[in-house]
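Chemist: If you scroll down you'll find the structure; I have some questions about it.
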Amino acid sequence: MQYLKKIFHVINKSQYVLKRKKEFNILNVIRRYKSDFDVEYEGYEENDEEKSTYMELSENCLGSLIDDNRVFVIQPYIKWGRDKKRNTTPELQLAEAIALINTLPNWRVVGEKLVPLLSLQRKQLVGSGALDTLKKEIRNCIHVRSIFVSTNLLKFIQISELQKAFDLPVYDRYSIVIHIFRQHAHTPEAKLQVALAELPYIRKKMIDFTTYRMGRINLDERKRKILQDREKKLRNALDKLKQHRELKKTNRNNYGFPSIAVVGYTNAGKTSLIKALTGDARLQPENKLFATLDTTVHQGFLSNKLKVLYVDTIGFIQDVPETLIEPFTVTLRDAINADILIHIFDISHPDIQAQIQHVQKTIRPMIEENKVIINVANKCDIIEKGNIDEDILPEDTFIVSSVKSTGIGELQSKIEEEIMTAANLLRRKFRVKMGSPEASLLYKETAVMESEPDPKNVQYLIMDVVVTTPVFYKLQRIFRR
């Protein structure tokens with residue numbers, strides 16, 4: 001036990017002398033949930049020993065959120081062979097790695113290096129010559145405080161060897177994205193999902209450590225039990241939150257509002273598009289990666305006055321393990337079970353093709369084959385029209401600027417056209433007395449396309465409406481009374 005602690009201390013010595021900026025206390029998450037939603041359930045409880053042990057494991061495996069961190073970014077890439085990425089370039093991968101670091105508060109990139117490899121499996125990741133070159137470049141940067149190796153998941157032995165070589169903390173993409181998630185998780189559900197996403201990483205690092213040191217898996221039983229209990233309690237707490245969300249969704253479905261889910265790569269402009277479509281000034285989009293971790297619902301109206309719901313979702317990103325996103329997929333599957341999907345992508349981004357393909361590949365198993373998907377290329381205001389390469393865009397893509405509202409009218413018309421069939425909407429006529437409660441009800445619960453006096457009796461109106469199927473049968477029952 002003491003030996004295990006000593007090894008972790010040596011490997012992370014640079015992190016231990018730095019002040020911990022933020023602690024993630026899941027107990028506070030649960031308490032906040034109770035006060036905000038007033039839903040009773042079996043709460044999350046942990047004693048001081050469990051809390052202290054987990055915080056130690058978390059910091060050892062994930063690293064600290066160092067204040068005023070100066071980061072040297074290493075972007076490894078496979079030069080050739082089966083594992084070579086062919087829909088992007090090393091330079092674009094490096095650019096995304098830098099964007100990840102810049103998303104964290106008070107972190108900045110002070111150096112960067114592309115490193116060609118034949119495999120990502122080597123003990124030191126790179127050869128001795130490349131390692132010496134990296135050491136020299138890092139020494140030439142002023143006050144480097146940590147290293148970010150932009151690959152999805154480093155093995156414990158790789159982190160250990162690199163930290164010994166550089167005498168600095170080493171992060172991989174999984175750990176960096178977790179720190180970003182921690183910063184951007186504001187609701188109870190998002191915080192629970194982030195807490196769950198941490199556990200596979202910590203468990204993997206613990207197993208890697210014991211395998212590396214002892215030649216077999218011998219994870220400390222006390223720590224194993226703490227991780228198991230924590231996961232069970234987190235999932236139970238998340239299930240309670242999901243039950244509350246399911247109830248709200250059922251209520252919306254019963255009312256019959258058509259829904260449109262907006263999906264896309266992180267920072268493609270999902271929230272900005274919903275703001276443009278709804279006109280909701282309360283929405284405040286942020287120009288950062290993973291600004292939205294929660295699935296949120298926003299009301300809007302089409303030009304035919306039909307009320308619809310737009311669903312904002314978590315963004316996607318390449319080169320992260322499935323275990324990182326897994327806690328969010330249940331919510332995501334639920335969200336994209338909407339009547340229509342809008343797949344939005346950033347047309348100004350140089351890696352647009354890889355981003356489109358990644359999102360398409362991710363959502364394909366989650367949706368029905370005949371699901372209506374409207375493709376939207378956003379941020380056309382950033383580039384000149386003549387520089388748009390439409391050959392790389394999916395067929396029938398709408399080119400828009402959410403900020404400038406360019407192309408939003410055409411997109412709304414397309415949504416209006418597709419939603420009629422996708423949401424099983426009906427167009428019906430009702431004859432009601434002018435000024436009657438029935439007329440008021442139609443204005444409230446349907447989209448009134450036309451309303452004109454009955455030529456046979458001017459005291460009555462002929463109202464031409466668009467109505468959802470559940471509401472239509474509800475109105476039929478009311479009007480028969």
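We name chains A, B, ... following the order of the structure tokens; residues begin at 1 in each chain, and ligands are numbered from 1 as shown.
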Using only C-alpha atoms, which protein or nucleic acid residues come within 12 Å of Asn106 (chain A)? Drop anything in the same chain fewer than 2 positions from it, and give the result as a VMD selection string.
Modeler: chain A and resid 21 65 to 71 101 to 104 108 to 109
Chemist: Kindly save the residues from that selection, with C-alpha atoms included, as a compact mmCIF listing (two decimals), in the first residue's frame.
Modeler:
```txt
# COMPACT_ATOMS: atom_id res chain seq x y z
CA LYS A 21 -7.71 24.75 -8.12
CA LEU A 65 -6.30 21.56 -13.16
CA ILE A 66 -3.13 23.61 -12.77
CA ASP A 67 -3.62 27.36 -12.51
CA ASP A 68 -1.77 29.49 -15.11
CA ASN A 69 -0.62 26.35 -16.94
CA ARG A 70 1.88 26.66 -19.81
CA VAL A 71 1.53 23.61 -22.03
CA ILE A 101 -5.96 23.42 -24.33
CA ASN A 102 -7.18 26.96 -25.01
CA THR A 103 -10.64 25.94 -23.81
CA LEU A 104 -9.38 25.48 -20.25
CA ARG A 108 -2.08 28.39 -22.86
CA VAL A 109 0.08 26.65 -25.42
```
Chemist: For Ser402 (chain A), find every residue with an atom within 7 Å (counting only C-alpha atoms), except residues of its own chain fewer than 4 positions away, and show them as a list in words.
Modeler: Ser272, Leu273, Ala276, Asn378, Lys379 and Thr406 of chain A
Chemist: Name the closest residue to Leu442 (chain A) among the candidates A:Gln360, A:Gln476, A:Asn424, A:Ser303; distances are taken between atoms, counting only C-alpha atoms.
Modeler: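 Closest residue, counting only C-alpha atoms: A:Gln476.
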Chemist: So which residues touch Ile226 (chain A) within 10 Å, counting only C-alpha atoms, skipping near sequence neighbours fewer than 6 positions away, as JSON, numbers by chain?
Modeler: {"A": [46, 49, 50, 51, 53, 54, 232]}
